[in-house]
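The file data.pdb contains PDB, C-alpha atoms and all ligand atoms:
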ATOM      1  CA  MET A 980      20.371   1.248  -3.899  1.00  0.00           C
ATOM      2  CA  GLN A 981      16.905   2.693  -3.677  1.00  0.00           C
ATOM      3  CA  LEU A 982      13.779   0.576  -3.718  1.00  0.00           C
ATOM      4  CA  PRO A 983      10.505   1.651  -5.312  1.00  0.00           C
ATOM      5  CA  ILE A 984       7.655   0.590  -3.030  1.00  0.00           C
ATOM      6  CA  LEU A 985       4.505   1.276  -5.016  1.00  0.00           C
ATOM      7  CA  CYS A 986       1.089   1.867  -3.458  1.00  0.00           C
ATOM      8  CA  TYR A 987      -2.050   1.041  -5.414  1.00  0.00           C
ATOM      9  CA  HIS A 988      -5.644   0.754  -4.260  1.00  0.00           C
ATOM     10  CA  LYS A 989      -8.452  -0.412  -6.586  1.00  0.00           C
ATOM     11  CA  VAL A 990      -7.767  -2.347  -9.796  1.00  0.00           C
ATOM     12  CA  GLY A 991     -10.652  -2.360 -12.234  1.00  0.00           C
ATOM     13  CA  PRO A 992     -12.181  -1.086 -15.449  1.00  0.00           C
ATOM     14  CA  ILE A 993     -13.136   2.572 -15.203  1.00  0.00           C
ATOM     15  CA  THR A 994     -16.760   1.554 -15.752  1.00  0.00           C
ATOM     16  CA  GLU A 995     -16.666  -0.407 -12.481  1.00  0.00           C
ATOM     17  CA  GLU A 996     -14.291   1.485 -10.269  1.00  0.00           C
ATOM     18  CA  GLY A 997     -14.075   4.977 -11.714  1.00  0.00           C
ATOM     19  CA  ARG A 998     -10.845   6.939 -11.594  1.00  0.00           C
ATOM     20  CA  ARG A 999     -10.374   7.680  -7.924  1.00  0.00           C
ATOM     21  CA  LEU A1000      -7.533   5.585  -6.506  1.00  0.00           C
ATOM     22  CA  ASN A1001      -8.063   3.077  -9.286  1.00  0.00           C
ATOM     23  CA  ILE A1002      -5.744   1.682 -11.918  1.00  0.00           C
ATOM     24  CA  GLU A1003      -7.042  -0.286 -14.863  1.00  0.00           C
ATOM     25  CA  PRO A1004      -5.751  -3.874 -15.064  1.00  0.00           C
ATOM     26  CA  ARG A1005      -3.952  -3.386 -18.381  1.00  0.00           C
ATOM     27  CA  ARG A1006      -2.106  -0.362 -17.046  1.00  0.00           C
ATOM     28  CA  LEU A1007      -1.094  -2.219 -13.903  1.00  0.00           C
ATOM     29  CA  HIS A1008       0.067  -5.075 -16.118  1.00  0.00           C
ATOM     30  CA  ALA A1009       2.193  -2.595 -18.089  1.00  0.00           C
ATOM     31  CA  HIS A1010       3.778  -1.278 -14.887  1.00  0.00           C
ATOM     32  CA  VAL A1011       4.668  -4.785 -13.721  1.00  0.00           C
ATOM     33  CA  ARG A1012       5.966  -5.809 -17.145  1.00  0.00           C
ATOM     34  CA  PHE A1013       8.150  -2.695 -17.205  1.00  0.00           C
ATOM     35  CA  PHE A1014       9.972  -3.958 -14.130  1.00  0.00           C
ATOM     36  CA  SER A1015      10.037  -7.649 -15.004  1.00  0.00           C
ATOM     37  CA  ARG A1016      11.525  -6.997 -18.458  1.00  0.00           C
ATOM     38  CA  ARG A1017      14.329  -5.029 -16.864  1.00  0.00           C
ATOM     39  CA  GLY A1018      15.267  -7.761 -14.449  1.00  0.00           C
ATOM     40  CA  PHE A1019      13.837  -6.256 -11.288  1.00  0.00           C
ATOM     41  CA  ARG A1020      13.135  -8.704  -8.498  1.00  0.00           C
ATOM     42  CA  PHE A1021       9.659  -8.420  -6.994  1.00  0.00           C
ATOM     43  CA  LEU A1022       9.971  -8.303  -3.233  1.00  0.00           C
ATOM     44  CA  LEU A1023       7.210  -8.929  -0.758  1.00  0.00           C
ATOM     45  CA  PRO A1024       7.059  -6.423   2.100  1.00  0.00           C
ATOM     46  CA  ARG A1025       7.991  -9.145   4.593  1.00  0.00           C
ATOM     47  CA  GLU A1026      11.289  -9.533   2.722  1.00  0.00           C
ATOM     48  CA  LEU A1027      12.209  -5.895   3.280  1.00  0.00           C
ATOM     49  CA  ALA A1028      13.420  -6.558   6.821  1.00  0.00           C
ATOM     50  CA  ALA A1029      16.509  -8.207   5.305  1.00  0.00           C
ATOM     51  CA  SER A1030      18.984  -6.606   2.896  1.00  0.00           C
ATOM     52  CA  TRP A1031      17.632  -5.556  -0.493  1.00  0.00           C
ATOM     53  CA  PRO A1032      18.847  -6.660  -3.923  1.00  0.00           C
ATOM     54  CA  GLU A1033      20.425  -4.188  -6.313  1.00  0.00           C
ATOM     55  CA  ARG A1034      17.316  -4.091  -8.492  1.00  0.00           C
ATOM     56  CA  GLY A1035      14.132  -4.626  -6.580  1.00  0.00           C
ATOM     57  CA  VAL A1036      10.576  -3.352  -6.562  1.00  0.00           C
ATOM     58  CA  CYS A1037       7.715  -3.894  -4.137  1.00  0.00           C
ATOM     59  CA  LEU A1038       4.034  -3.712  -5.115  1.00  0.00           C
ATOM     60  CA  THR A1039       1.378  -3.030  -2.490  1.00  0.00           C
ATOM     61  CA  PHE A1040      -2.400  -2.657  -2.645  1.00  0.00           C
ATOM     62  CA  ASP A1041      -4.093  -0.847   0.221  1.00  0.00           C
ATOM     63  CA  ASP A1042      -7.487  -1.786   1.641  1.00  0.00           C
ATOM     64  CA  ALA A1043      -7.825  -5.130  -0.234  1.00  0.00           C
ATOM     65  CA  TYR A1044     -10.645  -3.908  -2.448  1.00  0.00           C
ATOM     66  CA  ALA A1045     -12.587  -6.738  -4.086  1.00  0.00           C
ATOM     67  CA  SER A1046     -11.527  -5.386  -7.471  1.00  0.00           C
ATOM     68  CA  ALA A1047      -7.867  -5.440  -6.503  1.00  0.00           C
ATOM     69  CA  LEU A1048      -8.065  -9.139  -5.709  1.00  0.00           C
ATOM     70  CA  ARG A1049     -10.288  -9.965  -8.694  1.00  0.00           C
ATOM     71  CA  TYR A1050      -8.214  -8.172 -11.331  1.00  0.00           C
ATOM     72  CA  GLY A1051      -4.969  -7.315  -9.597  1.00  0.00           C
ATOM     73  CA  CYS A1052      -3.644 -10.819  -8.914  1.00  0.00           C
ATOM     74  CA  GLU A1053      -3.990 -11.771 -12.566  1.00  0.00           C
ATOM     75  CA  ALA A1054      -2.584  -8.478 -13.868  1.00  0.00           C
ATOM     76  CA  VAL A1055       0.460  -8.763 -11.609  1.00  0.00           C
ATOM     77  CA  ALA A1056       1.133 -12.495 -11.867  1.00  0.00           C
ATOM     78  CA  SER A1057       0.708 -12.645 -15.666  1.00  0.00           C
ATOM     79  CA  ALA A1058       3.470 -10.039 -15.982  1.00  0.00           C
ATOM     80  CA  GLY A1059       5.793 -12.020 -13.737  1.00  0.00           C
ATOM     81  CA  GLY A1060       5.203 -10.074 -10.531  1.00  0.00           C
ATOM     82  CA  ILE A1061       3.947 -10.613  -7.012  1.00  0.00           C
ATOM     83  CA  GLY A1062       2.812  -8.200  -4.316  1.00  0.00           C
ATOM     84  CA  ALA A1063       0.878  -7.553  -1.125  1.00  0.00           C
ATOM     85  CA  PHE A1064      -2.663  -6.629  -0.150  1.00  0.00           C
ATOM     86  CA  TYR A1065      -3.411  -4.801   3.093  1.00  0.00           C
ATOM     87  CA  ALA A1066      -6.733  -5.769   4.638  1.00  0.00           C
ATOM     88  CA  VAL A1067      -9.010  -4.065   7.156  1.00  0.00           C
ATOM     89  CA  PRO A1068     -10.359  -7.072   9.091  1.00  0.00           C
ATOM     90  CA  ALA A1069     -13.472  -5.474  10.622  1.00  0.00           C
ATOM     91  CA  LEU A1070     -14.656  -4.667   7.092  1.00  0.00           C
ATOM     92  CA  VAL A1071     -13.463  -7.703   5.127  1.00  0.00           C
ATOM     93  CA  GLY A1072     -16.269  -8.795   2.794  1.00  0.00           C
ATOM     94  CA  LYS A1073     -18.097  -5.503   3.400  1.00  0.00           C
ATOM     95  CA  SER A1074     -17.275  -2.095   1.949  1.00  0.00           C
ATOM     96  CA  SER A1075     -14.826   0.764   2.372  1.00  0.00           C
ATOM     97  CA  VAL A1076     -17.061   2.842   4.632  1.00  0.00           C
ATOM     98  CA  TRP A1077     -14.308   5.434   5.103  1.00  0.00           C
ATOM     99  CA  ASP A1078     -14.825   6.390   1.426  1.00  0.00           C
ATOM    100  CA  GLY A1079     -18.314   7.750   2.248  1.00  0.00           C
ATOM    101  CA  ASP A1080     -20.472   7.996  -0.872  1.00  0.00           C
ATOM    102  CA  LEU A1081     -17.669   6.401  -2.880  1.00  0.00           C
ATOM    103  CA  ALA A1082     -17.512   3.242  -0.745  1.00  0.00           C
ATOM    104  CA  ARG A1083     -16.643   0.122  -2.770  1.00  0.00           C
ATOM    105  CA  PRO A1084     -16.731  -3.612  -1.972  1.00  0.00           C
ATOM    106  CA  LEU A1085     -13.813  -5.122  -0.082  1.00  0.00           C
ATOM    107  CA  ALA A1086     -12.546  -8.646  -0.723  1.00  0.00           C
ATOM    108  CA  ASP A1087     -13.809 -11.459   1.516  1.00  0.00           C
ATOM    109  CA  TRP A1088     -11.691 -13.906   3.504  1.00  0.00           C
ATOM    110  CA  ASP A1089     -11.798 -16.583   0.814  1.00  0.00           C
ATOM    111  CA  ALA A1090     -10.408 -14.176  -1.769  1.00  0.00           C
ATOM    112  CA  LEU A1091      -7.646 -13.153   0.619  1.00  0.00           C
ATOM    113  CA  ARG A1092      -6.726 -16.759   1.379  1.00  0.00           C
ATOM    114  CA  ARG A1093      -6.669 -17.594  -2.338  1.00  0.00           C
ATOM    115  CA  ALA A1094      -4.305 -14.708  -2.984  1.00  0.00           C
ATOM    116  CA  GLN A1095      -2.085 -15.903  -0.166  1.00  0.00           C
ATOM    117  CA  GLU A1096      -2.020 -19.377  -1.709  1.00  0.00           C
ATOM    118  CA  LEU A1097      -0.892 -17.791  -4.981  1.00  0.00           C
ATOM    119  CA  GLY A1098       2.082 -16.305  -3.176  1.00  0.00           C
ATOM    120  CA  PHE A1099       0.767 -12.813  -2.473  1.00  0.00           C
ATOM    121  CA  GLU A1100       1.298 -11.397   0.986  1.00  0.00           C
ATOM    122  CA  ILE A1101      -1.685 -10.226   3.056  1.00  0.00           C
ATOM    123  CA  GLY A1102      -0.905  -7.693   5.768  1.00  0.00           C
ATOM    124  CA  ASN A1103      -2.325  -5.598   8.582  1.00  0.00           C
ATOM    125  CA  HIS A1104      -3.996  -2.286   7.614  1.00  0.00           C
ATOM    126  CA  THR A1105      -5.531  -1.808  11.114  1.00  0.00           C
ATOM    127  CA  ASN A1106      -8.901  -3.153  12.175  1.00  0.00           C
ATOM    128  CA  THR A1107     -11.154  -0.251  11.111  1.00  0.00           C
ATOM    129  CA  HIS A1108      -8.932   2.067   8.998  1.00  0.00           C
ATOM    130  CA  PRO A1109      -8.490   5.102  11.317  1.00  0.00           C
ATOM    131  CA  ARG A1110      -5.755   7.719  11.118  1.00  0.00           C
ATOM    132  CA  LEU A1111      -3.424   6.257  13.704  1.00  0.00           C
ATOM    133  CA  GLY A1112      -1.702   9.594  14.181  1.00  0.00           C
ATOM    134  CA  GLY A1113      -4.904  10.952  15.725  1.00  0.00           C
ATOM    135  CA  LEU A1114      -5.385   8.133  18.242  1.00  0.00           C
ATOM    136  CA  SER A1115      -4.017   7.535  21.733  1.00  0.00           C
ATOM    137  CA  GLU A1116      -1.331   4.890  22.130  1.00  0.00           C
ATOM    138  CA  VAL A1117      -3.857   2.539  23.722  1.00  0.00           C
ATOM    139  CA  GLU A1118      -6.258   2.993  20.805  1.00  0.00           C
ATOM    140  CA  GLN A1119      -3.507   2.517  18.237  1.00  0.00           C
ATOM    141  CA  LEU A1120      -2.319  -0.683  19.854  1.00  0.00           C
ATOM    142  CA  GLU A1121      -5.890  -1.955  20.006  1.00  0.00           C
ATOM    143  CA  GLU A1122      -6.403  -1.255  16.280  1.00  0.00           C
ATOM    144  CA  LEU A1123      -3.199  -3.001  15.295  1.00  0.00           C
ATOM    145  CA  LYS A1124      -3.662  -5.913  17.684  1.00  0.00           C
ATOM    146  CA  ALA A1125      -7.311  -6.580  16.784  1.00  0.00           C
ATOM    147  CA  ALA A1126      -6.390  -6.637  13.097  1.00  0.00           C
ATOM    148  CA  HIS A1127      -3.447  -8.953  13.750  1.00  0.00           C
ATOM    149  CA  HIS A1128      -5.536 -11.436  15.682  1.00  0.00           C
ATOM    150  CA  ALA A1129      -8.388 -11.374  13.155  1.00  0.00           C
ATOM    151  CA  LEU A1130      -6.004 -12.002  10.259  1.00  0.00           C
ATOM    152  CA  THR A1131      -4.152 -14.847  11.913  1.00  0.00           C
ATOM    153  CA  SER A1132      -7.358 -16.490  13.114  1.00  0.00           C
ATOM    154  CA  GLU A1133      -8.535 -16.534   9.482  1.00  0.00           C
ATOM    155  CA  GLY A1134      -5.390 -18.312   8.362  1.00  0.00           C
ATOM    156  CA  ILE A1135      -3.596 -15.216   7.112  1.00  0.00           C
ATOM    157  CA  GLU A1136       0.102 -14.846   7.893  1.00  0.00           C
ATOM    158  CA  SER A1137       0.151 -11.193   8.890  1.00  0.00           C
ATOM    159  CA  LYS A1138       3.840 -10.308   8.707  1.00  0.00           C
ATOM    160  CA  THR A1139       3.855  -6.588   7.904  1.00  0.00           C
ATOM    161  CA  VAL A1140       1.785  -3.519   8.704  1.00  0.00           C
ATOM    162  CA  CYS A1141       0.621  -0.627   6.539  1.00  0.00           C
ATOM    163  CA  TYR A1142      -0.683   2.580   8.127  1.00  0.00           C
ATOM    164  CA  PRO A1143      -3.959   3.979   6.704  1.00  0.00           C
ATOM    165  CA  TYR A1144      -3.422   7.365   4.996  1.00  0.00           C
ATOM    166  CA  GLY A1145       0.257   7.010   5.887  1.00  0.00           C
ATOM    167  CA  SER A1146      -0.793   8.458   9.240  1.00  0.00           C
ATOM    168  CA  ILE A1147       1.507   7.734  12.165  1.00  0.00           C
ATOM    169  CA  GLY A1148       2.280   9.237  15.550  1.00  0.00           C
ATOM    170  CA  PRO A1149       5.555   9.221  17.480  1.00  0.00           C
ATOM    171  CA  ALA A1150       4.743   5.838  19.078  1.00  0.00           C
ATOM    172  CA  THR A1151       3.110   4.026  16.148  1.00  0.00           C
ATOM    173  CA  ALA A1152       6.166   2.174  14.877  1.00  0.00           C
ATOM    174  CA  ARG A1153       7.115   1.041  18.365  1.00  0.00           C
ATOM    175  CA  LEU A1154       3.595  -0.189  19.059  1.00  0.00           C
ATOM    176  CA  ALA A1155       3.553  -2.186  15.829  1.00  0.00           C
ATOM    177  CA  SER A1156       6.944  -3.640  16.769  1.00  0.00           C
ATOM    178  CA  LEU A1157       5.436  -4.887  20.017  1.00  0.00           C
ATOM    179  CA  LEU A1158       3.226  -7.160  17.932  1.00  0.00           C
ATOM    180  CA  GLY A1159       6.256  -8.621  16.215  1.00  0.00           C
ATOM    181  CA  TYR A1160       6.170  -6.574  13.019  1.00  0.00           C
ATOM    182  CA  GLN A1161       9.547  -5.714  11.537  1.00  0.00           C
ATOM    183  CA  VAL A1162       8.334  -3.810   8.474  1.00  0.00           C
ATOM    184  CA  GLY A1163       5.838  -0.931   8.391  1.00  0.00           C
ATOM    185  CA  LEU A1164       4.695   0.976   5.329  1.00  0.00           C
ATOM    186  CA  ALA A1165       3.753   4.650   5.237  1.00  0.00           C
ATOM    187  CA  LEU A1166       3.543   7.056   2.296  1.00  0.00           C
ATOM    188  CA  GLY A1167       6.138   9.325   0.776  1.00  0.00           C
ATOM    189  CA  ARG A1168       7.206  10.749  -2.541  1.00  0.00           C
ATOM    190  CA  ARG A1169      10.391   8.890  -3.161  1.00  0.00           C
ATOM    191  CA  ARG A1170      11.911   5.447  -3.301  1.00  0.00           C
ATOM    192  CA  ALA A1171      12.893   3.823  -0.018  1.00  0.00           C
ATOM    193  CA  ARG A1172      16.535   3.815   1.049  1.00  0.00           C
ATOM    194  CA  PRO A1173      18.303   1.112   3.056  1.00  0.00           C
ATOM    195  CA  SER A1174      18.906   3.740   5.752  1.00  0.00           C
ATOM    196  CA  ASP A1175      15.170   4.431   6.196  1.00  0.00           C
ATOM    197  CA  PRO A1176      13.609   3.048   9.396  1.00  0.00           C
ATOM    198  CA  LYS A1177      12.062  -0.279   8.402  1.00  0.00           C
ATOM    199  CA  MET A1178       8.886   0.482  10.358  1.00  0.00           C
ATOM    200  CA  THR A1179       8.086   3.654   8.372  1.00  0.00           C
ATOM    201  CA  LEU A1180       9.159   2.975   4.808  1.00  0.00           C
ATOM    202  CA  PRO A1181       7.900   5.485   2.237  1.00  0.00           C
ATOM    203  CA  ARG A1182       5.715   4.341  -0.642  1.00  0.00           C
ATOM    204  CA  ILE A1183       4.784   6.104  -3.862  1.00  0.00           C
ATOM    205  CA  VAL A1184       1.049   6.265  -4.699  1.00  0.00           C
ATOM    206  CA  LEU A1185       0.019   5.399  -8.242  1.00  0.00           C
ATOM    207  CA  ALA A1186      -3.432   5.690  -9.757  1.00  0.00           C
ATOM    208  CA  TYR A1187      -5.592   5.942 -12.821  1.00  0.00           C
ATOM    209  CA  SER A1188      -3.748   8.397 -15.039  1.00  0.00           C
ATOM    210  CA  ASP A1189      -0.276   7.125 -14.234  1.00  0.00           C
ATOM    211  CA  GLY A1190       1.109   5.585 -17.419  1.00  0.00           C
ATOM    212  CA  LEU A1191       4.749   4.607 -17.722  1.00  0.00           C
ATOM    213  CA  PRO A1192       6.018   8.204 -18.134  1.00  0.00           C
ATOM    214  CA  MET A1193       4.273   9.212 -14.900  1.00  0.00           C
ATOM    215  CA  LEU A1194       5.529   6.087 -13.166  1.00  0.00           C
ATOM    216  CA  LEU A1195       9.093   7.069 -14.067  1.00  0.00           C
ATOM    217  CA  TYR A1196       8.489  10.664 -13.070  1.00  0.00           C
ATOM    218  CA  LYS A1197       7.224   9.604  -9.656  1.00  0.00           C
ATOM    219  CA  LEU A1198      10.122   7.203  -9.186  1.00  0.00           C
ATOM    220  CA  HIS A1199      12.909   9.546 -10.204  1.00  0.00           C
ATOM    221  CA  LEU A1200      11.871  13.204 -10.221  1.00  0.00           C
ATOM    222  CA  LEU A1201       8.939  13.916  -7.930  1.00  0.00           C
ATOM    223  CA  HIS A1202      11.064  14.074  -4.793  1.00  0.00           C
ATOM    224  CA  LEU A1203      13.136  16.886  -6.318  1.00  0.00           C
ATOM    225  CA  LEU A1204      10.152  19.248  -6.399  1.00  0.00           C
ATOM    226  CA  PRO A1205       9.016  21.353  -3.438  1.00  0.00           C
ATOM    227  CA  LYS A1206       6.307  19.799  -1.323  1.00  0.00           C
ATOM    228  CA  ARG A1207       2.755  20.914  -1.933  1.00  0.00           C
ATOM    229  CA  LYS A1208       0.953  22.814   0.782  1.00  0.00           C
ATOM    230  CA  ARG A1209      -0.936  20.513   3.078  1.00  0.00           C
ATOM    231  CA  GLY A1210      -4.684  20.874   3.426  1.00  0.00           C
ATOM    232  CA  LYS A1211      -7.276  19.539   5.788  1.00  0.00           C
ATOM    233  CA  ASN A1212      -8.903  16.142   5.304  1.00  0.00           C
ATOM    234  CA  LEU A1213      -7.115  15.335   2.104  1.00  0.00           C
ATOM    235  CA  PRO A1214      -8.139  12.084   0.437  1.00  0.00           C
ATOM    236  CA  ASP A1215      -5.570   9.276   0.275  1.00  0.00           C
ATOM    237  CA  LEU A1216      -4.237  10.280  -3.118  1.00  0.00           C
ATOM    238  CA  GLU A1217      -3.267  13.742  -1.941  1.00  0.00           C
ATOM    239  CA  ASN A1218      -0.897  12.261   0.605  1.00  0.00           C
ATOM    240  CA  VAL A1219       1.559  11.458  -2.137  1.00  0.00           C
ATOM    241  CA  GLY A1220       3.019  14.945  -1.842  1.00  0.00           C
ATOM    242  CA  ASN A1221       3.916  14.524   1.798  1.00  0.00           C
ATOM    243  CA  GLU A1222       7.165  13.147   3.109  1.00  0.00           C
ATOM    244  CA  VAL A1223       6.933  10.504   5.777  1.00  0.00           C
ATOM    245  CA  SER A1224       7.711  11.870   9.196  1.00  0.00           C
ATOM    246  CA  SER A1225       7.153  10.927  12.777  1.00  0.00           C
ATOM    247  CA  THR A1226       3.947  12.916  12.739  1.00  0.00           C
ATOM    248  CA  ASP A1227       0.763  12.342  10.787  1.00  0.00           C
ATOM    249  CA  ALA A1228       1.999  12.183   7.201  1.00  0.00           C
ATOM    250  CA  SER A1229      -1.441  12.906   5.839  1.00  0.00           C
ATOM    251  CA  GLY A1230      -1.650  16.539   6.886  1.00  0.00           C
ATOM    252  CA  SER A1231      -3.245  18.369   9.753  1.00  0.00           C
TER     253      SER A1231
HETATM  254 ZN    ZN A1301      -6.202   2.401   3.342  1.00  0.00          ZN
END

Could you take the file, read its structure, and then write that structure out as structure tokens?
Ligand SMILES: [Zn+2]
Amino acid sequence: MQLPILCYHKVGPITEEGRRLNIEPRRLHAHVRFFSRRGFRFLLPRELAASWPERGVCLTFDDAYASALRYGCEAVASAGGIGAFYAVPALVGKSSVWDGDLARPLADWDALRRAQELGFEIGNHTNTHPRLGGLSEVEQLEELKAAHHALTSEGIESKTVCYPYGSIGPATARLASLLGYQVGLALGRRRARPSDPKMTLPRIVLAYSDGLPMLLYKLHLLHLLPKRKRGKNLPDLENVGNEVSSTDASGS
């Protein structure tokens, strides 16, 4: 069986969060309801280390934007789902400085702990959100370790890791394993397969204009099309066209 692991970012009204890497709460709710009505089981990333059910789906939210916690928990839970937020500890309660002029507020520790109490998973998205594939092994380990320690010291059970931009180098998965992680999430353009390495599982990015037809297209057809040409410094959303590999999945 193949498992859709979906990657969202912001969750808010367009008037608050715009279109970039955002999904409106009602659309997210519709996505979740689509799966719950069809009997899919919502898996947390930490459950992916074990065998997967015949019909499963995994929802993930990168960066732990304040809007994702504020609107996303309700939109997901009210449709019968559950999911995971990936936090950047050095910037928790601050803003997504890597977005430049488009920086948006990130959730604070209290919001993350509340989500955890509701059953959502909170995971490691590195300490400062670099492209790990461009760092030395020492720097990568430091990013992952600092984030792990910050999360656990704030009462967060950090059980899985998610690589910013889907960027990984040849040693990234091994380094994350050294910290005890058994599941790592990258980006791809297809559902995950049981044969995929658990430390570099592909996820499908969804955003503002993705209604149910586009959700289905991305789940079932996108991987059949040729890959798009990679460009330099592509924003997160552009990474969806790139297959996960042992090199930086986000382009050159
Ligand atoms: Zn990110």

- If you apply the PyMOL selection byres (((chain A and resi 1068-1070) around 8) and not hetatm) to this file, what residues do you get, as a list in words?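 Going through the file, the PyMOL selection byres (((chain A and resi 1068-1070) around 8) and not hetatm) ends up selecting Ala1066, Val1067, Val1071, Gly1072, Lys1073, Ser1074, Ser1075, Leu1085, Thr1105, Asn1106, Thr1107, Ala1126, Ala1129 and Leu1130 of chain A.
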
- Query: Distance atom CA of A:Pro1004-atom CA of A:Val1162, one decimal place?
  - Reply: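 Separating atom CA of A:Pro1004 from atom CA of A:Val1162 is a distance of 27.4 Å.
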
If I wrap all listed atoms of stretch 1157-1167 of chain A in a box with edges along x, y and z and add 6 Å on each side, what are its centre and edge lengths in Å to one decimal, as JSON?
{"center_x": 6.4, "center_y": 0.4, "center_z": 10.4, "size_x": 18.3, "size_y": 29.9, "size_z": 31.2}

Mind dumping a table of every chain A residue within 6 Å of ligand ZN 1301 (chain A), with the nearest atom pair and its distance in Å to one decimal, using all atoms listed in the file, sorted by chain and rising number, as CSV?
residue,atom,partner,partner_atom,distance
A:Asp1041,CA,A:ZN1301,ZN,5.0
A:Asp1042,CA,A:ZN1301,ZN,4.7
A:Pro1143,CA,A:ZN1301,ZN,4.3
A:Tyr1144,CA,A:ZN1301,ZN,5.9

- Message: Show me, as a PyMOL selection string, the residues that have an atom within 9 Å of A:Leu1120 when counting all atoms listed in the file, minus same-chain residues fewer than 3 positions from it.
- Response: chain A and resi 1115-1117+1123-1125+1151+1154-1155+1157-1158

- Polymer residues at most 8 Å from stretch 1009-1024 of chain A, only C-alpha atoms, same-chain spacing of 6 or more positions, as JSON, numbers by chain: {"A": [1032, 1034, 1035, 1036, 1037, 1038, 1055, 1058, 1059, 1060, 1061, 1062, 1063, 1099, 1100, 1139, 1162, 1190, 1191, 1194]}

Find the residues near A:Arg1083: any atom within 9 Å, counting only C-alpha atoms, skip ones fewer than 3 places away on the same chain, and give them as a compact mmCIF listing (two decimals) with C-alpha atoms, in the coordinates of the input.
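New file selection.txt:
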# COMPACT_ATOMS: atom_id res chain seq x y z
CA GLU A 996 -14.29 1.48 -10.27
CA TYR A 1044 -10.64 -3.91 -2.45
CA ALA A 1045 -12.59 -6.74 -4.09
CA SER A 1046 -11.53 -5.39 -7.47
CA LYS A 1073 -18.10 -5.50 3.40
CA SER A 1074 -17.27 -2.10 1.95
CA SER A 1075 -14.83 0.76 2.37
CA VAL A 1076 -17.06 2.84 4.63
CA ASP A 1078 -14.82 6.39 1.43
CA ASP A 1080 -20.47 8.00 -0.87

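Distance-wise, atom CA of A:Ile984 and atom CA of A:Ile1101 end up 15.5 Å apart.
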
- Query: Applied to the shown file, which residues does the PyMOL selection byres (((chain A and resi 1051) around 10) and not hetatm) return, written as a PyMOL selection string?
  - Reply: chain A and resi 987-991+1002-1005+1007-1008+1040+1044-1050+1052-1057+1061-1062+1064+1094

- atom CA of A:Glu1096 and atom CA of A:Lys1138 are how many Å apart?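 Distance reported for this atom pair: 15.0 Å.
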
Evaluated on this file, the PyMOL selection byres (((chain A and resi 1172-1187) around 6) and not hetatm) picks out some residues - which ones are they, written as a compact mmCIF listing (two decimals) with C-alpha atoms, in the coordinates of the input?
# COMPACT_ATOMS: atom_id res chain seq x y z
CA GLN A 981 16.90 2.69 -3.68
CA ILE A 984 7.66 0.59 -3.03
CA LEU A 985 4.50 1.28 -5.02
CA CYS A 986 1.09 1.87 -3.46
CA TYR A 987 -2.05 1.04 -5.41
CA ARG A 998 -10.84 6.94 -11.59
CA LEU A 1000 -7.53 5.58 -6.51
CA ASN A 1001 -8.06 3.08 -9.29
CA ILE A 1002 -5.74 1.68 -11.92
CA ALA A 1152 6.17 2.17 14.88
CA VAL A 1162 8.33 -3.81 8.47
CA GLY A 1163 5.84 -0.93 8.39
CA LEU A 1164 4.70 0.98 5.33
CA ALA A 1165 3.75 4.65 5.24
CA LEU A 1166 3.54 7.06 2.30
CA GLY A 1167 6.14 9.32 0.78
CA ARG A 1168 7.21 10.75 -2.54
CA ALA A 1171 12.89 3.82 -0.02
CA SER A 1188 -3.75 8.40 -15.04
CA ASP A 1189 -0.28 7.12 -14.23
CA VAL A 1219 1.56 11.46 -2.14

- Task: Counting only C-alpha atoms, figure out which residue out of A:Leu1081, A:Ala1090, A:Val1140, A:Ile1147 gets nearest to A:Gly1113.
- Result: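 Looking only at the distances to A:Gly1113, the closest residue turns out to be A:Ile1147.
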
- Query: Using only C-alpha atoms, which residues sit within 10 Å of A:Gly1134 once same-chain residues fewer than 6 positions away are excluded, as a list in words?
  - Reply: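 In the requested format, the answer is Trp1088, Leu1091, Arg1092 and Gln1095 of chain A.
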
- Message: From the options A:Glu1118, A:Gly1148, A:Gly1159, A:Arg999, which residue's atoms come nearest to A:Ala1082, counting all atoms listed in the file?
- Response: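 Closest to A:Ala1082 of all the choices is A:Arg999.
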